[in-house]
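*Asks:* Pasting structure_30.cif here (mmCIF, C-alpha atoms):
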```cif
data_final
loop_
_atom_site.label_atom_id
_atom_site.label_comp_id
_atom_site.auth_asym_id
_atom_site.auth_seq_id
_atom_site.Cartn_x
_atom_site.Cartn_y
_atom_site.Cartn_z
CA MET A 137 138.87 21.54 0.77
CA ASP A 138 138.75 22.60 4.47
CA PHE A 139 135.66 24.62 3.59
CA PHE A 140 133.75 21.34 3.15
CA SER A 141 134.85 19.90 6.50
CA PHE A 142 132.04 18.83 8.88
CA GLY A 143 133.12 21.58 11.29
CA ASN A 144 132.54 24.34 8.73
CA ILE A 145 129.40 22.73 7.30
CA ILE A 146 127.74 22.51 10.72
CA VAL A 147 128.43 26.23 11.37
CA TYR A 148 126.81 27.19 8.02
CA ILE A 149 123.89 24.81 8.64
CA ASP A 150 123.10 26.66 11.89
CA LYS A 151 123.30 30.03 10.14
CA PHE A 152 120.95 28.87 7.36
CA ILE A 153 118.49 27.35 9.86
CA LYS A 154 118.38 30.66 11.77
CA PHE A 155 117.85 32.60 8.53
CA ILE A 156 115.02 30.32 7.34
CA ASN A 157 113.36 30.46 10.78
CA SER A 158 113.44 34.25 10.69
CA ILE A 159 111.60 34.59 7.35
CA PHE A 160 109.54 31.40 7.09
CA PHE A 161 106.35 32.36 8.93
CA VAL A 162 106.08 35.75 7.22
CA ILE A 163 106.32 34.16 3.75
CA LEU A 164 103.97 31.35 4.84
CA ILE A 165 101.26 33.79 5.94
CA ILE A 166 101.61 35.86 2.73
CA GLY A 167 101.56 32.68 0.61
CA ILE A 168 98.45 31.25 2.31
CA SER A 169 96.66 34.61 2.11
CA PHE A 170 97.25 34.74 -1.64
CA ALA A 171 96.39 31.06 -2.18
CA LEU A 172 93.17 31.02 -0.16
CA ILE A 173 91.88 34.61 -0.28
CA ILE A 174 93.47 37.01 -2.76
CA SER A 175 93.93 34.81 -5.88
CA PRO A 176 90.93 34.77 -8.23
CA VAL A 177 88.43 31.94 -8.69
CA ASP A 178 88.80 29.93 -11.90
CA TYR A 179 85.95 30.46 -14.40
CA LEU A 180 85.59 26.69 -14.95
CA GLN A 181 86.83 25.00 -11.78
CA GLY A 182 85.66 27.58 -9.25
CA ASP A 183 87.41 27.58 -5.86
CA SER A 184 88.70 24.02 -6.34
CA VAL A 185 91.54 25.58 -8.36
CA ARG A 186 93.10 26.64 -5.01
CA ILE A 187 94.23 23.02 -4.54
CA MET A 188 96.73 23.80 -7.31
CA TYR A 189 98.75 25.96 -4.87
CA VAL A 190 99.74 22.92 -2.82
CA HIS A 191 99.42 20.18 -5.46
CA VAL A 192 101.67 21.63 -8.20
CA PRO A 193 104.61 22.72 -5.95
CA SER A 194 104.48 19.31 -4.19
CA ALA A 195 104.73 17.50 -7.52
CA TRP A 196 107.59 19.74 -8.72
CA ILE A 197 109.49 19.19 -5.48
CA GLY A 198 108.93 15.42 -5.60
CA LEU A 199 110.28 15.26 -9.16
CA SER A 200 113.22 17.65 -8.57
CA ILE A 201 114.37 15.85 -5.43
CA PHE A 202 114.35 12.48 -7.17
CA SER A 203 116.39 13.92 -10.06
CA LEU A 204 118.89 15.39 -7.56
CA ILE A 205 119.11 12.11 -5.64
CA ALA A 206 119.57 10.07 -8.80
CA ILE A 207 122.36 12.32 -10.13
CA SER A 208 124.07 12.37 -6.71
CA THR A 209 123.86 8.57 -6.39
CA ILE A 210 125.45 8.07 -9.78
CA LEU A 211 128.18 10.63 -8.94
CA ASN A 212 128.71 8.91 -5.59
CA PHE A 213 129.06 5.54 -7.36
CA ILE A 214 131.73 6.97 -9.69
CA PHE A 215 133.66 9.35 -7.39
CA LYS A 216 132.87 7.90 -3.90
CA ILE A 217 132.16 11.28 -2.26
CA LYS A 218 131.18 10.76 1.39
CA ASN A 219 129.19 14.00 1.70
CA LEU A 220 127.00 13.05 -1.28
CA PHE A 221 125.84 9.95 0.58
CA LEU A 222 124.68 12.08 3.52
CA PHE A 223 123.02 14.43 1.02
CA ILE A 224 121.03 11.51 -0.49
CA LYS A 225 120.07 10.14 2.94
CA SER A 226 118.80 13.56 4.08
CA LEU A 227 116.82 14.33 0.91
CA ALA A 228 115.01 11.04 0.25
CA PRO A 229 112.33 11.31 3.03
CA ILE A 230 111.48 14.87 1.93
CA GLY A 231 111.02 13.71 -1.67
CA LEU A 232 108.79 10.84 -0.55
CA LEU A 233 106.63 13.17 1.55
CA PHE A 234 106.04 15.59 -1.33
CA THR A 235 105.39 12.85 -3.87
CA CYS A 236 102.75 11.36 -1.54
CA LEU A 237 101.27 14.82 -0.94
CA SER A 238 101.04 15.50 -4.67
CA ILE A 239 99.20 12.19 -5.19
CA VAL A 240 96.77 12.80 -2.30
CA THR A 241 96.05 16.45 -3.17
CA GLY A 242 95.76 15.45 -6.83
CA SER A 243 93.15 12.91 -5.84
CA LEU A 244 91.29 15.57 -3.82
CA TRP A 245 91.38 17.84 -6.89
CA GLY A 246 90.39 15.01 -9.23
CA LYS A 247 87.10 14.22 -7.48
CA PRO A 248 85.37 17.59 -8.13
CA THR A 249 87.11 18.08 -11.52
CA TRP A 250 86.97 14.64 -13.15
CA GLY A 251 84.36 13.01 -10.92
CA THR A 252 86.77 10.35 -9.66
CA TRP A 253 89.39 10.09 -6.90
CA TRP A 254 91.75 7.97 -9.02
CA ALA A 255 92.25 6.78 -12.59
CA TRP A 256 95.00 4.53 -13.92
CA ASP A 257 96.08 7.10 -16.48
CA ALA A 258 99.70 7.73 -17.49
CA ARG A 259 100.45 10.77 -15.27
CA LEU A 260 98.90 9.35 -12.11
CA THR A 261 100.41 5.90 -12.57
CA SER A 262 103.90 7.27 -13.31
CA MET A 263 103.71 9.40 -10.14
CA LEU A 264 102.77 6.27 -8.20
CA VAL A 265 105.81 4.53 -9.70
CA LEU A 266 107.97 7.46 -8.54
CA MET A 267 106.59 7.01 -5.02
CA LEU A 268 107.50 3.31 -5.14
CA PHE A 269 111.06 4.22 -6.19
CA TYR A 270 111.32 6.54 -3.19
CA VAL A 271 110.06 3.76 -0.90
CA LEU A 272 112.64 1.31 -2.33
CA PHE A 273 115.35 3.95 -1.94
CA ILE A 274 114.56 4.62 1.72
CA PHE A 275 114.13 0.90 2.43
CA SER A 276 117.59 0.22 0.93
CA LEU A 277 119.17 3.06 2.93
CA LYS A 278 117.70 1.62 6.12
CA TYR A 279 118.35 -2.09 5.67
CA PHE A 280 121.57 -2.45 3.64
CA LYS A 281 124.49 -1.81 5.94
CA ASN A 282 127.25 -2.87 3.51
CA ASN A 283 128.32 0.37 1.87
CA GLU A 284 129.51 -1.17 -1.40
CA ASN A 285 126.30 -3.16 -1.95
CA LEU A 286 124.20 -0.18 -0.95
CA THR A 287 125.92 2.11 -3.47
CA LYS A 288 125.30 -0.46 -6.24
CA ILE A 289 121.64 -0.93 -5.31
CA LEU A 290 121.04 2.83 -5.08
CA SER A 291 122.73 3.38 -8.45
CA ILE A 292 120.51 0.74 -10.09
CA LEU A 293 117.41 2.31 -8.51
CA SER A 294 118.54 5.76 -9.65
CA ILE A 295 119.11 4.72 -13.25
CA LEU A 296 115.74 2.94 -13.41
CA GLY A 297 113.99 5.76 -11.56
CA ILE A 298 115.41 8.57 -13.66
CA ILE A 299 113.87 6.96 -16.78
CA ASN A 300 110.50 7.56 -15.11
CA ILE A 301 111.09 11.35 -14.79
CA PRO A 302 110.65 12.26 -18.51
CA ILE A 303 107.75 9.77 -18.62
CA ILE A 304 106.00 11.75 -15.86
CA LYS A 305 106.78 15.07 -17.56
CA TYR A 306 105.63 14.10 -21.06
CA SER A 307 102.94 11.54 -20.16
CA VAL A 308 100.21 14.16 -20.73
CA GLU A 309 101.51 14.78 -24.25
CA TRP A 310 102.39 11.20 -25.28
CA TRP A 311 99.14 9.60 -24.13
CA SER A 312 95.52 10.65 -23.89
CA THR A 313 95.09 11.28 -20.16
CA LEU A 314 92.54 12.67 -17.73
CA HIS A 315 95.27 14.95 -16.40
CA GLN A 316 95.50 18.30 -18.16
CA PRO A 317 98.65 19.24 -20.15
CA ALA A 318 101.22 21.50 -18.48
CA SER A 319 99.94 25.08 -18.04
CA ILE A 320 103.29 26.43 -16.87
CA LYS A 321 106.24 26.31 -19.23
CA PHE A 322 109.67 27.47 -18.12
CA LEU A 323 110.77 27.74 -21.76
CA GLY A 324 107.88 29.43 -23.56
CA SER A 325 104.69 31.21 -22.61
CA SER A 326 102.49 29.85 -19.82
CA SER A 327 98.72 29.58 -20.24
CA ILE A 328 98.11 30.56 -16.62
CA HIS A 329 97.24 34.13 -15.62
CA PRO A 330 99.84 36.07 -13.57
CA SER A 331 97.25 36.56 -10.80
CA MET A 332 97.42 32.79 -10.25
CA LEU A 333 101.07 32.36 -11.20
CA PHE A 334 102.31 34.68 -8.43
CA PRO A 335 100.61 32.78 -5.54
CA LEU A 336 101.80 29.53 -7.11
CA PHE A 337 105.44 30.62 -7.02
CA LEU A 338 104.96 32.06 -3.54
CA MET A 339 103.69 28.70 -2.26
CA LEU A 340 106.57 27.00 -4.09
CA LEU A 341 108.96 29.28 -2.20
CA VAL A 342 107.27 28.42 1.13
CA LEU A 343 107.57 24.68 0.48
CA LEU A 344 111.16 25.02 -0.76
CA LEU A 345 112.13 26.87 2.43
CA TYR A 346 110.47 24.10 4.42
CA CYS A 347 112.43 21.47 2.43
CA ALA A 348 115.68 23.34 3.07
CA LEU A 349 114.94 23.46 6.79
CA ILE A 350 114.22 19.72 7.03
CA PHE A 351 117.21 18.89 4.83
CA LEU A 352 119.59 20.96 6.99
CA MET A 353 118.32 19.41 10.22
CA LYS A 354 118.64 15.89 8.77
CA TYR A 355 122.12 16.62 7.41
CA LYS A 356 123.22 17.93 10.82
CA THR A 357 121.83 14.78 12.47
CA GLU A 358 123.86 12.60 10.06
CA ILE A 359 127.05 14.56 10.86
CA ILE A 360 126.44 14.14 14.61
CA LYS A 361 125.85 10.38 14.12
CA ILE A 362 129.25 10.06 12.38
CA LYS A 363 131.04 12.18 14.97
CA LYS A 364 129.43 10.21 17.81
CA GLN A 365 130.77 6.93 16.40
CA ASN A 366 134.30 8.40 16.27
CA ILE A 367 134.16 10.50 19.44
CA LYS A 368 137.21 8.84 21.03
CA ARG A 369 139.30 9.51 17.92
CA LEU A 370 138.48 13.23 17.80
CA MET B 177 80.87 36.04 4.82
CA ILE B 178 83.01 33.65 6.89
CA ILE B 179 80.64 30.76 6.09
CA GLU B 180 80.91 31.60 2.39
CA PHE B 181 84.69 31.63 2.67
CA LEU B 182 84.70 28.25 4.44
CA LYS B 183 82.32 26.78 1.87
CA MET B 184 84.65 27.80 -1.00
CA GLY B 185 81.80 27.79 -3.51
CA GLY B 186 80.88 24.20 -2.60
CA TYR B 187 84.47 22.91 -2.84
CA GLY B 188 85.34 23.58 0.82
CA PHE B 189 85.82 19.92 1.74
CA TYR B 190 88.36 19.36 -1.07
CA VAL B 191 90.24 22.66 -0.66
CA TRP B 192 90.49 22.61 3.15
CA SER B 193 91.35 18.89 3.23
CA SER B 194 94.21 19.46 0.76
CA PHE B 195 95.73 22.31 2.76
CA LEU B 196 95.16 20.53 6.07
CA ILE B 197 96.81 17.31 4.87
CA VAL B 198 99.84 19.19 3.50
CA PHE B 199 100.37 21.23 6.67
CA THR B 200 99.71 18.32 9.04
CA PHE B 201 102.20 15.99 7.36
CA CYS B 202 104.79 18.76 6.95
CA SER B 203 104.46 19.59 10.66
CA LEU B 204 104.78 15.91 11.59
CA LEU B 205 107.98 15.52 9.57
CA PHE B 206 109.33 18.76 11.08
CA TYR B 207 108.72 17.63 14.67
CA LYS B 208 110.08 14.13 14.02
CA THR B 209 113.24 15.53 12.40
CA ARG B 210 113.74 18.09 15.20
CA LYS B 211 113.20 15.45 17.89
CA THR B 212 115.76 13.12 16.28
CA LEU B 213 118.30 15.96 16.00
CA LYS B 214 117.87 16.91 19.66
CA LYS B 215 118.11 13.24 20.69
CA TYR B 216 121.45 12.78 18.88
CA GLU B 217 122.77 16.10 20.22
CA LYS B 218 121.91 14.96 23.75
CA GLU B 219 123.46 11.51 23.24
CA PHE B 220 126.61 13.11 21.83
CA ALA B 221 126.92 15.46 24.81
CA MET B 222 126.46 12.49 27.18
CA GLU B 223 129.19 10.51 25.38
CA LEU B 224 131.46 13.53 25.66
CA GLU B 225 130.81 13.74 29.41
CA LYS B 226 132.11 10.18 29.79
CA LEU B 227 135.56 11.15 28.42
CA PRO B 228 138.42 12.16 30.75
CA ALA B 229 138.37 15.90 31.55
CA LYS B 230 141.64 16.60 29.72
CA GLN B 231 140.50 14.90 26.50
CA LYS B 232 137.09 16.56 26.72
CA LYS B 233 138.70 19.99 27.04
CA ARG B 234 141.00 19.32 24.08
CA ILE B 235 138.15 18.07 21.84
CA THR B 236 135.87 20.98 22.75
CA LYS B 237 138.62 23.43 21.84
CA SER B 238 139.69 21.78 18.59
CA SER B 239 136.41 20.52 17.07
CA LYS B 240 133.84 22.98 15.69
CA VAL B 241 131.23 20.20 15.59
CA VAL B 242 131.65 19.50 19.30
CA SER B 243 131.56 23.16 20.33
CA ASN B 244 128.47 23.69 18.14
CA ILE B 245 126.62 20.75 19.73
CA LEU B 246 127.59 21.83 23.24
CA ALA B 247 126.42 25.38 22.50
CA SER B 248 122.97 24.17 21.39
CA GLN B 249 122.81 21.87 24.44
CA ASN B 250 123.62 24.80 26.74
CA LYS B 251 120.88 26.87 25.08
CA LEU B 252 118.37 24.09 25.82
CA SER B 253 119.37 23.75 29.45
#
```
Write out the structure in this file as structure tokens.

*Replies:*
Amino acid sequence: MDFFSFGNIIVYIDKFIKFINSIFFVILIIGISFALIISPVDYLQGDSVRIMYVHVPSAWIGLSIFSLIAISTILNFIFKIKNLFLFIKSLAPIGLLFTCLSIVTGSLWGKPTWGTWWAWDARLTSMLVLMLFYVLFIFSLKYFKNNENLTKILSILSILGIINIPIIKYSVEWWSTLHQPASIKFLGSSSIHPSMLFPLFLMLLVLLLYCALIFLMKYKTEIIKIKKQNIKRL
Amino acid sequence: MIIEFLKMGGYGFYVWSSFLIVFTFCSLLFYKTRKTLKKYEKEFAMELEKLPAKQKKRITKSSKVVSNILASQNKLS
């Protein structure tokens, strides 16, 4: 278990940060070039389809991070693993940022496509609910100092929030919505052309590297905070 | 040609705003996170300086976290 000691973790964090820094800008430039220049124009939506390259990865990241947080919170409640708590604390702000970005970019895509910035349809409303769960999560992390109460509150939020995840995913199939059904299926054939799929995954990679970078810096900050409190006992 | 590219077939405002918002907010979170990390590293190093020389030497030798923080502080200075 020495491998998971803060001393070892902090060494690996630095190595990962250096690695991400060394490749990030190259992948970012390639990703943006594909998203804004090389990828083709959609026959129906024209150039507005390029918003997809930031909107869709943001939404995927927002959903994935909440699922990770919720599972970790429940595991933390059962097994009381200290590192999982730091993991949750470091991930939550990143999830909130990408959920907000997916809502805002979705709105910017909605105006030229549907003729409106916002509609209270199932997909949009369930994403807004996800954002509220993130806000409650971060608020609880900030203002509840009692660890036992905090774990209980976070577990309740996780259980309630995780119910919303399949609602977001299947809302476009269960209800009649303005939002289009999923074009990309991980199990089955996608209805999106590879010339658009490649830039989409490239931009997803860029944003995932960014998330990893922020997560590692936040995790390192949390370790330093703990070590600072116990500096005399080191 | 550049004007055409910026216009994005009439959707320029929506496309550029989307990308600009994403990169602005990502940059803001990056700088805020980095600033907080540096602040805590600095505070930690200052706390360490307050310790007696013998204890400081022992901690620096035995703790990977401490030596890592001191190394990044030395790089900055």

*Asks:* Taking the file as I've supplied it (selection: the PyMOL selection byres ((chain B) within 9 of (chain A))), which residues are included? Please answer as a tab-separated table (two decimals) with C-alpha atoms, in the coordinates of the input.

*Replies:*
```
chain	number	residue	atom	x	y	z
B	181	PHE	CA	84.69	31.63	2.67
B	184	MET	CA	84.65	27.80	-1.00
B	185	GLY	CA	81.80	27.79	-3.51
B	186	GLY	CA	80.88	24.20	-2.60
B	187	TYR	CA	84.47	22.91	-2.84
B	188	GLY	CA	85.34	23.58	0.82
B	189	PHE	CA	85.82	19.92	1.74
B	190	TYR	CA	88.36	19.36	-1.07
B	191	VAL	CA	90.24	22.66	-0.66
B	192	TRP	CA	90.49	22.61	3.15
B	193	SER	CA	91.35	18.89	3.23
B	194	SER	CA	94.21	19.46	0.76
B	195	PHE	CA	95.73	22.31	2.76
B	197	ILE	CA	96.81	17.31	4.87
B	198	VAL	CA	99.84	19.19	3.50
B	201	PHE	CA	102.20	15.99	7.36
B	202	CYS	CA	104.79	18.76	6.95
B	205	LEU	CA	107.98	15.52	9.57
B	206	PHE	CA	109.33	18.76	11.08
B	209	THR	CA	113.24	15.53	12.40
B	210	ARG	CA	113.74	18.09	15.20
B	212	THR	CA	115.76	13.12	16.28
B	213	LEU	CA	118.30	15.96	16.00
B	214	LYS	CA	117.87	16.91	19.66
B	216	TYR	CA	121.45	12.78	18.88
B	217	GLU	CA	122.77	16.10	20.22
B	219	GLU	CA	123.46	11.51	23.24
B	220	PHE	CA	126.61	13.11	21.83
B	223	GLU	CA	129.19	10.51	25.38
B	224	LEU	CA	131.46	13.53	25.66
B	227	LEU	CA	135.56	11.15	28.42
B	231	GLN	CA	140.50	14.90	26.50
B	235	ILE	CA	138.15	18.07	21.84
B	238	SER	CA	139.69	21.78	18.59
B	239	SER	CA	136.41	20.52	17.07
B	240	LYS	CA	133.84	22.98	15.69
B	241	VAL	CA	131.23	20.20	15.59
B	242	VAL	CA	131.65	19.50	19.30
B	244	ASN	CA	128.47	23.69	18.14
B	245	ILE	CA	126.62	20.75	19.73
```

*Asks:* Could you state which residues are captured by the PyMOL selection byres ((chain A and resi 339) around 9) in this file, as JSON, numbers by chain?

*Replies:* {"A": [163, 164, 166, 167, 168, 170, 171, 189, 190, 193, 334, 335, 336, 337, 338, 340, 341, 342, 343, 344]}

*Asks:* Please measure the separation of atom CA of A:Ser262 and atom CA of A:Pro302, giving the value in Å to one decimal.

*Replies:*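 The value is 9.9 Å.
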
*Asks:* If you measure from atom CA of A:Thr261 to atom CA of B:Phe199, what distance in Å do you get, rounded to one decimal?

*Replies:*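 Pair atom CA of A:Thr261 / atom CA of B:Phe199 returns 24.6 Å.
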
*Asks:* Of the residues A:Ile153, A:Leu220, A:Leu211, A:Leu293, which is the one nearest to A:Leu268, using all atoms listed in the file?

*Replies:*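 Of the candidates, the smallest distance to A:Leu268 is held by A:Leu293.
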
*Asks:* With the file shown as input, list the residues that the PyMOL selection byres ((chain A and resi 271-288) around 12) selects, as a ChimeraX atom specification.

*Replies:* /A:202,205-206,208-218,220-222,224-233,235-236,264-270,289-297

*Asks:* Need the shell around A:Ile303: protein/DNA/RNA residues with any atom at most 12 Å away, counting only C-alpha atoms. Skip same-chain ones fewer than 2 positions apart. Format as a list in words?

*Replies:* Leu199, Ala258, Arg259, Leu260, Thr261, Ser262, Met263, Val265, Leu266, Leu296, Gly297, Ile298, Ile299, Asn300, Ile301, Lys305, Tyr306, Ser307, Val308, Glu309, Trp310 and Trp311 of chain A

*Asks:* What is the distance between atom CA of A:Tyr148 and atom CA of A:Gly198, in Å to one decimal?

*Replies:*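 Going from atom CA of A:Tyr148 over to atom CA of A:Gly198, I get 25.4 Å.
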
*Asks:* Kindly reconstruct stretch 204-218 of chain B with N, CA, C and O atoms and present the result as a CSV table (one decimal), in the coordinates of the input.

*Replies:*
```
chain,number,residue,atom,x,y,z
B,204,LEU,N,104.3,17.2,11.0
B,204,LEU,CA,104.8,15.9,11.6
B,204,LEU,C,106.2,15.6,11.2
B,204,LEU,O,107.0,15.2,12.1
B,205,LEU,N,106.6,15.8,10.0
B,205,LEU,CA,108.0,15.5,9.6
B,205,LEU,C,108.9,16.5,10.3
B,205,LEU,O,110.0,16.1,10.7
B,206,PHE,N,108.5,17.7,10.4
B,206,PHE,CA,109.3,18.8,11.1
B,206,PHE,C,109.6,18.3,12.5
B,206,PHE,O,110.8,18.3,13.0
B,207,TYR,N,108.5,18.0,13.3
B,207,TYR,CA,108.7,17.6,14.7
B,207,TYR,C,109.5,16.3,14.8
B,207,TYR,O,110.3,16.2,15.8
B,208,LYS,N,109.3,15.4,13.9
B,208,LYS,CA,110.1,14.1,14.0
B,208,LYS,C,111.6,14.4,13.8
B,208,LYS,O,112.4,13.9,14.5
B,209,THR,N,111.9,15.2,12.7
B,209,THR,CA,113.2,15.5,12.4
B,209,THR,C,113.9,16.3,13.5
B,209,THR,O,115.1,16.0,13.9
B,210,ARG,N,113.2,17.3,14.1
B,210,ARG,CA,113.7,18.1,15.2
B,210,ARG,C,114.0,17.2,16.4
B,210,ARG,O,115.0,17.4,17.1
B,211,LYS,N,113.1,16.3,16.7
B,211,LYS,CA,113.2,15.4,17.9
B,211,LYS,C,114.4,14.5,17.7
B,211,LYS,O,115.2,14.4,18.7
B,212,THR,N,114.6,14.0,16.5
B,212,THR,CA,115.8,13.1,16.3
B,212,THR,C,117.1,13.9,16.4
B,212,THR,O,118.0,13.4,17.0
B,213,LEU,N,117.1,15.1,15.9
B,213,LEU,CA,118.3,16.0,16.0
B,213,LEU,C,118.6,16.2,17.5
B,213,LEU,O,119.8,16.1,17.9
B,214,LYS,N,117.6,16.6,18.2
B,214,LYS,CA,117.9,16.9,19.7
B,214,LYS,C,118.3,15.7,20.4
B,214,LYS,O,119.2,15.7,21.3
B,215,LYS,N,117.8,14.5,20.0
B,215,LYS,CA,118.1,13.2,20.7
B,215,LYS,C,119.6,12.9,20.4
B,215,LYS,O,120.3,12.6,21.4
B,216,TYR,N,120.0,13.1,19.2
B,216,TYR,CA,121.4,12.8,18.9
B,216,TYR,C,122.4,13.8,19.5
B,216,TYR,O,123.5,13.5,19.9
B,217,GLU,N,122.0,15.1,19.6
B,217,GLU,CA,122.8,16.1,20.2
B,217,GLU,C,123.0,15.7,21.7
B,217,GLU,O,124.1,15.8,22.2
B,218,LYS,N,121.9,15.3,22.3
B,218,LYS,CA,121.9,15.0,23.8
B,218,LYS,C,122.8,13.7,24.0
B,218,LYS,O,123.6,13.8,24.9
```
